[in-house]
>>> print(open('run-v8.txt').read())   # compact mmCIF, C-alpha atoms and all ligand atoms
# COMPACT_ATOMS: atom_id res chain seq x y z
CA MET A 1 -18.85 8.26 8.49
CA PHE A 2 -16.44 6.76 5.94
CA ASP A 3 -14.15 9.34 4.40
CA LYS A 4 -13.33 8.13 0.91
CA GLU A 5 -10.90 10.99 0.28
CA LYS A 6 -8.69 9.77 3.13
CA CYS A 7 -8.60 6.12 2.07
CA THR A 8 -5.33 5.04 0.39
CA LEU A 9 -6.55 1.45 -0.16
CA CYS A 10 -3.70 0.19 2.02
CA GLY A 11 -5.80 -2.74 3.29
CA GLU A 12 -4.69 -2.34 6.93
CA CYS A 13 -8.30 -2.41 8.16
CA LEU A 14 -9.03 -5.89 6.85
CA MET A 15 -5.52 -7.18 7.57
CA LYS A 16 -5.62 -6.16 11.22
CA CYS A 17 -9.24 -7.24 11.64
CA PRO A 18 -9.17 -9.70 14.55
CA TYR A 19 -11.84 -11.83 12.90
CA LEU A 20 -11.19 -11.75 9.16
CA ALA A 21 -7.40 -11.13 9.23
CA TYR A 22 -7.09 -11.09 5.42
CA PRO A 23 -3.68 -11.26 3.75
CA GLU A 24 -2.55 -7.94 2.25
CA GLU A 25 -3.54 -8.40 -1.39
CA LYS A 26 -6.96 -9.83 -0.51
CA ALA A 27 -7.52 -7.03 1.99
CA LYS A 28 -6.79 -4.36 -0.63
CA LYS A 29 -8.96 -6.09 -3.23
CA GLU A 30 -11.96 -6.60 -0.96
CA PHE A 31 -11.82 -3.08 0.43
CA LYS A 32 -11.79 -1.69 -3.11
CA LYS A 33 -14.96 -3.71 -3.75
CA LEU A 34 -16.55 -2.14 -0.70
CA ILE A 35 -15.74 1.31 -2.03
CA ASP A 36 -17.03 0.48 -5.50
CA GLY A 37 -20.20 -1.12 -4.15
CA ASP A 38 -19.30 -4.54 -5.60
CA PRO A 39 -20.25 -7.77 -3.80
CA THR A 40 -17.69 -8.96 -1.23
CA PRO A 41 -17.83 -11.56 1.55
CA VAL A 42 -16.84 -8.84 4.02
CA THR A 43 -20.43 -7.65 4.39
CA ALA A 44 -21.69 -11.07 5.49
CA ASP A 45 -18.66 -12.04 7.58
CA CYS A 46 -17.71 -8.82 9.43
CA ILE A 47 -18.81 -9.17 13.07
CA THR A 48 -19.43 -5.40 13.44
CA CYS A 49 -16.87 -4.89 16.22
CA ALA A 50 -15.83 -1.50 14.78
CA ALA A 51 -12.16 -2.19 15.62
CA CYS A 52 -11.02 -1.35 12.08
CA ASN A 53 -12.10 2.26 12.60
CA MET A 54 -9.17 2.44 15.02
CA PHE A 55 -6.76 0.45 12.88
CA CYS A 56 -7.06 2.71 9.84
CA PRO A 57 -3.90 4.88 9.78
CA GLU A 58 -5.74 7.61 7.85
CA GLY A 59 -8.79 7.93 10.10
CA ALA A 60 -11.12 7.01 7.21
CA ASN A 61 -13.58 4.98 9.37
CA PRO A 62 -13.69 1.81 7.26
CA PHE A 63 -16.24 0.08 9.51
CA ASP A 64 -18.77 2.81 8.78
CA LEU A 65 -18.51 1.94 5.07
CA ILE A 66 -18.79 -1.79 5.79
CA ASN A 67 -21.86 -1.16 7.97
CA ASP A 68 -23.51 0.91 5.21
CA ARG A 69 -22.80 -1.86 2.67
CA GLN A 70 -24.19 -4.46 5.08
CA GLU A 71 -27.46 -2.58 5.11
CA GLU A 72 -27.53 -1.90 1.36
CA THR A 73 -26.84 -5.53 0.42
CA GLY A 74 -28.86 -7.22 3.18
CA THR A 75 -26.08 -9.81 3.38
CA PHE A 76 -25.41 -9.43 7.12
CA ILE A 77 -28.00 -11.76 8.63
CA LEU A 78 -28.86 -12.24 12.29
CA ASN A 79 -31.15 -14.96 13.59
CA GLU A 80 -34.80 -14.06 14.08
CA GLN A 81 -34.60 -14.07 17.86
CA THR A 82 -31.91 -11.36 17.85
CA GLN A 83 -33.75 -9.32 15.22
CA ASN A 84 -36.86 -9.37 17.44
CA PHE A 85 -34.72 -8.50 20.44
CA PHE A 86 -33.46 -5.34 18.72
CA LYS A 87 -36.99 -4.38 17.66
CA ALA A 88 -38.30 -4.85 21.20
CA PHE A 89 -35.84 -2.35 22.69
CA SER A 90 -37.54 0.74 21.33
CA ARG A 91 -40.96 -0.50 22.51
CA MET A 92 -39.93 -1.04 26.12
CA LYS A 93 -42.05 0.84 28.66
CA SER A 94 -40.46 4.14 29.61
CA GLU A 95 -40.19 5.57 33.08
CA ILE A 96 -38.63 8.49 34.88
CA ILE A 97 -37.72 7.74 38.49
CA GLU A 98 -37.49 11.17 40.09
CA GLY A 99 -34.49 11.66 42.32
CA GLU A 100 -33.53 14.37 44.76
CA PRO A 101 -33.31 17.97 43.49
CA GLY A 102 -29.76 18.90 42.57
CA LYS A 103 -28.61 15.29 42.19
CA PRO A 104 -27.49 14.04 38.76
CA VAL A 105 -29.62 12.43 36.06
CA MET A 106 -28.60 9.04 34.69
CA ASN A 107 -29.88 7.36 31.55
CA LEU A 108 -30.17 3.62 32.15
CA CYS A 109 -31.51 3.17 28.62
CA ILE A 110 -33.12 -0.28 28.28
CA PHE A 111 -30.68 -1.86 30.73
CA GLY A 112 -32.14 -0.69 34.05
CA ASP A 113 -33.80 -4.01 34.86
CA MET A 114 -31.60 -6.40 32.90
CA LEU A 115 -29.29 -7.42 35.73
CA PRO A 116 -30.67 -7.69 39.28
CA GLY A 117 -28.71 -6.08 42.10
CA VAL A 118 -26.82 -3.69 39.88
CA ILE A 119 -28.66 -0.37 40.12
CA GLU A 120 -28.54 -0.12 43.88
CA GLY A 121 -26.39 1.27 46.68
CA GLN A 122 -25.03 4.71 47.41
CA LEU A 123 -23.77 5.34 43.87
CA PHE A 124 -27.38 5.51 42.67
CA GLU A 125 -29.05 7.10 45.71
CA GLY A 126 -30.99 10.25 44.88
CA LEU A 127 -30.26 10.12 41.15
CA THR A 128 -33.04 10.74 38.65
CA LEU A 129 -33.11 7.58 36.55
CA LEU A 130 -34.40 7.31 32.98
CA LYS A 131 -35.49 3.91 31.71
CA GLY A 132 -37.07 2.34 28.67
CA GLY A 133 -37.59 2.76 24.94
CA ASP A 134 -37.82 6.57 24.96
CA TYR A 135 -34.24 6.62 26.22
CA PHE A 136 -32.88 3.86 24.00
CA ASP A 137 -29.94 5.24 22.01
CA TYR A 138 -30.15 2.90 18.97
CA PHE A 139 -26.34 2.85 18.66
CA GLY A 140 -26.38 -0.95 19.03
CA LEU A 141 -28.08 -1.18 15.66
CA ILE A 142 -24.58 -1.15 14.14
CA HIS A 143 -24.67 -4.81 15.26
CA ALA A 144 -27.88 -5.39 13.33
CA GLY A 145 -26.24 -4.04 10.17
CA THR A 146 -28.79 -1.22 10.00
CA PRO A 147 -26.96 2.09 10.56
CA SER A 148 -29.76 4.11 8.93
CA VAL A 149 -32.03 3.24 11.89
CA ILE A 150 -29.50 4.88 14.23
CA LYS A 151 -29.52 8.07 12.19
CA ASP A 152 -33.31 8.11 11.76
CA ASN A 153 -33.86 7.96 15.52
CA ALA A 154 -30.99 10.14 16.72
CA GLN A 155 -32.91 13.44 16.91
CA THR A 156 -35.83 11.85 18.82
CA PHE A 157 -33.42 10.25 21.27
CA VAL A 158 -31.70 13.59 21.91
CA ASP A 159 -35.07 15.39 22.19
CA ASN A 160 -36.37 12.86 24.74
CA LEU A 161 -33.28 13.37 26.88
CA ALA A 162 -33.41 17.14 26.44
CA LYS A 163 -37.00 17.22 27.77
CA ILE A 164 -35.61 16.27 31.20
CA GLY A 165 -34.05 19.73 31.33
CA ALA A 166 -30.78 18.61 32.92
CA LYS A 167 -27.48 20.33 32.10
CA GLU A 168 -25.66 17.01 32.33
CA ILE A 169 -26.82 13.43 31.77
CA ILE A 170 -24.80 10.43 32.88
CA CYS A 171 -24.74 7.57 30.37
CA TYR A 172 -24.92 4.20 32.08
CA HIS A 173 -24.42 2.37 28.80
CA ASP A 174 -21.33 2.87 26.66
CA ASP A 175 -23.46 2.93 23.49
CA CYS A 176 -25.44 5.90 24.80
CA TYR A 177 -22.23 7.88 25.28
CA ALA A 178 -20.90 6.88 21.83
CA MET A 179 -24.18 8.08 20.33
CA LEU A 180 -24.13 11.43 22.14
CA VAL A 181 -20.42 12.16 21.78
CA ASN A 182 -19.66 10.73 18.38
CA LYS A 183 -22.69 10.01 16.22
CA VAL A 184 -24.71 13.16 16.92
CA LYS A 185 -21.72 15.23 15.75
CA GLU A 186 -21.69 13.26 12.51
CA TYR A 187 -25.44 13.89 12.13
CA LYS A 188 -24.95 17.58 13.05
CA ILE A 189 -27.43 17.40 15.92
CA ALA A 190 -26.94 20.03 18.63
CA LEU A 191 -26.89 18.78 22.21
CA PRO A 192 -28.58 20.98 24.83
CA PHE A 193 -26.90 19.02 27.66
CA LYS A 194 -23.51 17.49 28.36
CA PRO A 195 -23.15 13.70 28.29
CA ILE A 196 -21.06 12.26 31.11
CA HIS A 197 -19.79 8.70 30.88
CA ILE A 198 -20.49 6.47 33.88
CA ILE A 199 -16.75 5.88 34.19
CA GLU A 200 -16.24 9.60 34.73
CA TYR A 201 -19.11 9.70 37.25
CA LEU A 202 -17.59 6.76 39.14
CA ARG A 203 -14.09 8.28 39.07
CA ASP A 204 -15.36 11.56 40.46
CA TYR A 205 -17.55 9.81 43.06
CA VAL A 206 -14.58 7.79 44.28
CA LYS A 207 -12.42 10.91 44.51
CA GLU A 208 -15.12 12.66 46.55
CA HIS A 209 -15.51 9.64 48.85
CA GLU A 210 -11.85 8.70 49.10
CA ASN A 211 -12.07 8.25 52.87
CA GLN A 212 -14.63 5.43 52.38
CA ILE A 213 -12.55 3.52 49.84
CA LYS A 214 -10.75 0.38 50.87
CA LYS A 215 -8.39 -0.60 48.07
CA LEU A 216 -9.31 -3.96 46.63
CA ASN A 217 -5.80 -5.14 45.68
CA ILE A 218 -7.23 -7.29 42.95
CA LYS A 219 -5.96 -8.12 39.46
CA ILE A 220 -8.67 -7.62 36.90
CA ALA A 221 -9.14 -8.18 33.17
CA TYR A 222 -11.28 -5.56 31.49
CA GLN A 223 -13.82 -6.42 28.77
CA GLN A 224 -14.01 -3.39 26.51
CA PRO A 225 -17.33 -2.94 24.68
CA CYS A 226 -17.30 -2.37 20.92
CA ALA A 227 -18.86 1.09 21.33
CA SER A 228 -15.72 2.24 23.17
CA ARG A 229 -13.99 2.25 19.78
CA TYR A 230 -15.90 5.49 19.15
CA THR A 231 -14.87 7.20 22.41
CA PHE A 232 -11.51 5.63 23.15
CA GLU A 233 -10.18 8.78 24.81
CA LYS A 234 -12.01 7.90 28.04
CA ASP A 235 -9.69 4.92 28.60
CA THR A 236 -7.36 7.12 30.66
CA ILE A 237 -10.26 7.89 33.04
CA LEU A 238 -10.87 4.17 33.37
CA ASP A 239 -7.23 3.58 34.30
CA GLU A 240 -7.47 6.35 36.86
CA LEU A 241 -10.62 4.79 38.36
CA PHE A 242 -9.02 1.35 38.60
CA GLU A 243 -5.99 2.82 40.34
CA LEU A 244 -8.14 4.71 42.85
CA ILE A 245 -9.94 1.52 43.93
CA GLY A 246 -6.86 -0.72 43.88
CA ALA A 247 -7.76 -2.79 40.81
CA GLU A 248 -4.75 -3.69 38.68
CA ARG A 249 -5.75 -3.92 35.01
CA VAL A 250 -3.64 -6.80 33.77
CA ASN A 251 -1.70 -6.41 30.54
CA ARG A 252 -3.25 -8.77 28.07
CA LYS A 253 -3.50 -9.23 24.34
CA TYR A 254 -7.26 -8.66 24.10
CA ASP A 255 -7.59 -5.31 25.80
CA ARG A 256 -7.39 -1.68 24.64
CA LEU A 257 -6.59 -1.62 20.87
CA GLY A 258 -6.57 -5.42 20.81
CA ALA A 259 -9.92 -5.86 22.60
CA LEU A 260 -12.30 -8.49 21.28
CA CYS A 261 -16.05 -8.22 20.88
CA CYS A 262 -17.73 -10.36 23.58
CA GLY A 263 -19.04 -12.78 20.97
CA GLY A 264 -22.68 -11.80 21.30
CA ILE A 265 -22.94 -10.94 17.64
CA GLN A 266 -21.24 -14.10 16.37
CA GLY A 267 -23.78 -15.96 18.48
CA SER A 268 -26.56 -14.27 16.52
CA MET A 269 -25.08 -14.44 12.99
CA VAL A 270 -26.60 -17.19 10.89
CA ASN A 271 -23.31 -17.91 9.10
CA VAL A 272 -21.23 -18.39 12.28
CA SER A 273 -21.14 -21.85 13.83
CA LYS A 274 -21.46 -22.46 17.56
CA GLU A 275 -17.90 -23.86 17.55
CA VAL A 276 -16.45 -20.67 16.05
CA GLU A 277 -18.43 -18.52 18.49
CA GLU A 278 -17.30 -20.59 21.46
CA GLU A 279 -13.67 -20.56 20.38
CA TRP A 280 -13.82 -16.78 20.03
CA ARG A 281 -15.29 -16.25 23.49
CA MET A 282 -12.91 -18.68 25.15
CA LYS A 283 -9.74 -17.20 23.68
CA ASN A 284 -10.73 -13.93 25.33
CA ILE A 285 -11.43 -15.61 28.68
CA MET A 286 -8.22 -17.66 28.59
CA ASP A 287 -6.20 -14.59 27.68
CA ALA A 288 -7.57 -12.91 30.82
CA LYS A 289 -6.81 -15.94 32.96
CA ASP A 290 -3.31 -16.43 31.54
CA ALA A 291 -2.52 -12.78 32.22
CA GLY A 292 -3.11 -13.45 35.92
CA ALA A 293 -6.52 -11.83 36.36
CA GLU A 294 -8.67 -12.87 39.31
CA ALA A 295 -11.76 -11.09 38.06
CA MET A 296 -13.30 -9.88 34.81
CA VAL A 297 -14.73 -6.39 34.83
CA PHE A 298 -17.47 -5.34 32.44
CA LEU A 299 -18.94 -2.05 31.33
CA CYS A 300 -21.70 -3.43 29.11
CA PRO A 301 -24.55 -5.64 30.42
CA MET A 302 -24.69 -7.49 27.08
CA CYS A 303 -21.01 -8.52 27.41
CA ILE A 304 -21.83 -9.78 30.91
CA LEU A 305 -24.59 -12.07 29.67
CA GLY A 306 -22.23 -13.73 27.21
CA LEU A 307 -19.09 -14.04 29.30
CA ARG A 308 -19.82 -14.11 33.03
CA SER A 309 -20.46 -17.87 33.37
CA ARG A 310 -17.59 -18.82 31.06
CA GLY A 311 -15.25 -16.54 33.01
CA LYS A 312 -16.45 -17.80 36.36
CA ALA A 313 -15.82 -21.39 35.26
CA GLN A 314 -12.18 -20.35 34.73
CA GLY A 315 -11.92 -18.72 38.15
CA LEU A 316 -12.61 -15.14 37.00
CA GLU A 317 -15.18 -13.46 39.27
CA PRO A 318 -17.42 -11.26 37.10
CA TYR A 319 -18.17 -7.63 38.05
CA ILE A 320 -20.00 -4.84 36.36
CA ILE A 321 -17.78 -1.84 36.92
CA SER A 322 -20.16 -0.02 39.29
CA ASN A 323 -20.31 -3.10 41.51
CA LEU A 324 -16.53 -3.22 41.70
CA VAL A 325 -16.63 0.37 42.94
CA ARG A 326 -19.38 -0.57 45.44
CA LEU A 327 -17.14 -3.34 46.72
CA ALA A 328 -14.37 -0.79 47.30
CA LEU A 329 -16.92 1.38 49.13
CA GLY A 330 -17.57 -1.56 51.45
CA GLU A 331 -21.07 -2.37 50.17
CA LYS A 332 -22.56 -5.85 50.05
CA LEU A 333 -23.47 -7.06 46.56
CA THR A 334 -26.89 -8.66 46.82
CA HIS A 335 -26.70 -10.48 43.47
CA GLY A 336 -22.98 -11.06 43.11
CA GLY A 337 -20.71 -8.85 41.04
CA ALA A 338 -22.66 -9.09 37.81
CA GLY A 339 -26.29 -9.91 38.53
CA LYS A 340 -25.90 -13.61 39.20
CA VAL A 341 -24.84 -15.42 42.35
CA PHE A 342 -22.59 -18.35 41.52
CA GLU A 343 -22.77 -21.20 44.05
S1 LIG B 401 -15.76 -4.20 12.15
FE1 LIG B 401 -14.48 -5.71 13.21
S2 LIG B 401 -14.98 -7.64 12.20
FE2 LIG B 401 -15.69 -6.01 10.85
S3 LIG B 401 -14.00 -5.68 9.42
FE3 LIG B 401 -13.81 -4.20 11.08
S4 LIG B 401 -12.39 -5.16 12.55
FE4 LIG B 401 -13.19 -6.77 11.18
S1 LIG B 402 -10.01 2.49 5.21
FE1 LIG B 402 -8.04 3.00 6.08
S2 LIG B 402 -7.07 1.07 6.58
FE2 LIG B 402 -8.77 0.62 5.19
S3 LIG B 402 -7.85 0.59 3.16
FE3 LIG B 402 -8.60 2.68 3.50
S4 LIG B 402 -6.84 3.80 4.37
FE4 LIG B 402 -6.36 1.61 4.53
>>> encode(input="run-v8.txt", output="structure tokens", more="lines below")
Ligand code: SF4
Ligand code: SF4
Amino acid sequence: MFDKEKCTLCGECLMKCPYLAYPEEKAKKEFKKLIDGDPTPVTADCITCAACNMFCPEGANPFDLINDRQEETGTFILNEQTQNFFKAFSRMKSEIIEGEPGKPVMNLCIFGDMLPGVIEGQLFEGLTLLKGGDYFDYFGLIHAGTPSVIKDNAQTFVDNLAKIGAKEIICYHDDCYAMLVNKVKEYKIALPFKPIHIIEYLRDYVKEHENQIKKLNIKIAYQQPCASRYTFEKDTILDELFELIGAERVNRKYDRLGALCCGGIQGSMVNVSKEVEEEWRMKNIMDAKDAGAEAMVFLCPMCILGLRSRGKAQGLEPYIISNLVRLALGEKLTHGGAGKVFE
């Protein structure tokens, strides 16, 4: 939630924005308009990456204000296909795949069947898996410019998960974790279970199965999802996991604080040209390549869909993070590293 009391109108948020990159005076002026509720091009042009929430030196959460104004003004417009895509998520058939007693519960959200050959192998054996619209977290609706829909559905989402009766629930999708760790606090919703990020699950699994791990000795570029801006503290666990499996996270411009959105939203915004979208995606890929990476590692299935082929064409083998761990465990990947076998 935007905290107006903390905002000093310094303009840093819109100056450091990797997409808008306004000069100082313009940044201050346009942010003041956002506060006052006056029209500003920011609402139509912001790509909803949430990075400015981290750039604000006062912790005022400027993106949350921008997102509210996007909804109020209706100026942030996605193509019809993407709008329908978002609507379809909550209607997806739900399913509980019962696992073995005593084994963890994992929420796959609406991503369980999106990428073939990803939810398989020993990491997932015996887990109780939750799939479908009942377990959709709605956090991604920040990218539809409709934050009120996230809030309106938060309690139902938590209640559906709570019905499982588990003390802990592993979040397969980064958005799910951001919702349960960050947004529900803002909405003052009590959680009757503890959310565990899949990165933490993987780190602990690797530690417990250290004798099975064969270090990969691979240089990787990491594609950070936008939702990680809300739970950045887990980045140290990610570094630990990479070290345990012998994956060297290359130092590059577009990682950690400097990470770029995968480009999926630009591709859906009616006021962004294909050329601009392509240029955005490729500067991320080329940054990874130039930093010496051999592979690109993803946490979010949506980032994979937008970047895996482009990365592969530049010699970067794509992996969803669990498949990279499976590789270190000596497993065969039936559908490549990220749900698609490249010939
Ligand atoms: S959310 Fe991203 S694109 Fe939008 S203003 Fe903030 S940093 Fe810029
Ligand atoms: S939200 Fe933060 S970064 Fe943006 S103008 Fe206010 S204080 Fe500065």
>>> residues_near_ligand(input="run-v8.txt", ligand="ligand LIG 402 (chain B)", cutoff="6 Å", atoms="all atoms listed in the file", output="PyMOL selection string")
chain A and resi 7-13+56-58+60+62
>>> write_last_selection(input="run-v8.txt", atoms="C-alpha atoms", output="mmCIF file, keeping the file's coordinate frame")
data_model
loop_
_atom_site.group_PDB
_atom_site.id
_atom_site.type_symbol
_atom_site.label_atom_id
_atom_site.label_comp_id
_atom_site.auth_asym_id
_atom_site.auth_seq_id
_atom_site.Cartn_x
_atom_site.Cartn_y
_atom_site.Cartn_z
ATOM 1 C CA CYS A 7 -8.600 6.120 2.070
ATOM 2 C CA THR A 8 -5.330 5.040 0.390
ATOM 3 C CA LEU A 9 -6.550 1.450 -0.160
ATOM 4 C CA CYS A 10 -3.700 0.190 2.020
ATOM 5 C CA GLY A 11 -5.800 -2.740 3.290
ATOM 6 C CA GLU A 12 -4.690 -2.340 6.930
ATOM 7 C CA CYS A 13 -8.300 -2.410 8.160
ATOM 8 C CA CYS A 56 -7.060 2.710 9.840
ATOM 9 C CA PRO A 57 -3.900 4.880 9.780
ATOM 10 C CA GLU A 58 -5.740 7.610 7.850
ATOM 11 C CA ALA A 60 -11.120 7.010 7.210
ATOM 12 C CA PRO A 62 -13.690 1.810 7.260
#
>>> closest_residue(input="run-v8.txt", among="A:Gly145, A:Pro104, A:Gly117, A:Gly112", to="ligand LIG 401 (chain B)", atoms="all atoms listed in the file")
A:Gly145
>>> closest_residue(input="run-v8.txt", among="A:Glu248, A:Glu186, A:Glu277, A:Glu30", to="Met1 in chain A", atoms="all atoms listed in the file")
A:Glu186
>>> residues_near_ligand(input="run-v8.txt", ligand="ligand LIG 401 (chain B)", cutoff="6 Å", atoms="only C-alpha atoms and all ligand atoms", output="VMD selection string")
chain A and resid 14 17 to 20 46 to 52 63
>>> residues_near_point(input="run-v8.txt", point="(-23.6, -4.2, 32.2)", cutoff="10 Å", atoms="only C-alpha atoms", output="list in words")
Phe111, Gly112, Met114, Leu115, Val118, Tyr172, His173, Asp174, Pro225, Val297, Phe298, Leu299, Cys300, Pro301, Met302, Cys303, Ile304, Leu305, Tyr319, Ile320, Ile321, Ser322, Asn323, Ala338 and Gly339 of chain A
>>> closest_residue(input="run-v8.txt", among="A:Ile189, A:Leu316, A:Val42, A:Ile198", to="Leu238 in chain A", atoms="all atoms listed in the file")
A:Ile198
>>> closest_atom_pairs(input="run-v8.txt", of="range 45-163 of chain A", to="range 254-270 of chain A", cutoff="6 Å", atoms="all atoms listed in the file", output="Markdown table")
| residue | atom | partner | partner_atom | distance |
| --- | --- | --- | --- | --- |
| A:Cys49 | CA | A:Cys261 | CA | 5.8 |
| A:Ile77 | CA | A:Met269 | CA | 5.9 |
| A:Leu78 | CA | A:Met269 | CA | 4.4 |
| A:Asn79 | CA | A:Ser268 | CA | 5.5 |
>>> closest_residue(input="run-v8.txt", among="A:Ser90, A:Asn160, A:Asn107, A:Asn67", to="Ala144 in chain A", atoms="all atoms listed in the file")
A:Asn67
>>> residues_near_point(input="run-v8.txt", point="(-11.0, 1.1, 24.6)", cutoff="6 Å", atoms="all atoms listed in the file", output="short mmCIF file (atom, residue, chain, number, x, y, z; two decimals) with C-alpha atoms, in the frame of the given file")
data_model
loop_
_atom_site.label_atom_id
_atom_site.label_comp_id
_atom_site.auth_asym_id
_atom_site.auth_seq_id
_atom_site.Cartn_x
_atom_site.Cartn_y
_atom_site.Cartn_z
CA GLN A 224 -14.01 -3.39 26.51
CA SER A 228 -15.72 2.24 23.17
CA ARG A 229 -13.99 2.25 19.78
CA PHE A 232 -11.51 5.63 23.15
CA ASP A 235 -9.69 4.92 28.60
CA ARG A 256 -7.39 -1.68 24.64
#
>>> residues_around(input="run-v8.txt", residues="range 191-194 of chain A", least_positions_apart="6", cutoff="12 Å", atoms="all atoms listed in the file", output="ChimeraX atom specification")
/A:104-106,154-171,177,179-185
>>> atom_distance(input="run-v8.txt", atom1="CA of Gly59 in chain A", atom2="CA of Leu241 in chain A")
28.5 Å
>>> closest_residue(input="run-v8.txt", among="A:Thr146, A:Glu331, A:Arg326, A:Cys226", to="Glu71 in chain A", atoms="all atoms listed in the file")
A:Thr146
>>> closest_residue(input="run-v8.txt", among="A:Glu210, A:Glu98, A:Glu343, A:Glu275", to="Ala328 in chain A", atoms="all atoms listed in the file")
A:Glu210
>>> atom_distance(input="run-v8.txt", atom1="CA of Glu317 in chain A", atom2="CA of Lys332 in chain A")
15.1 Å
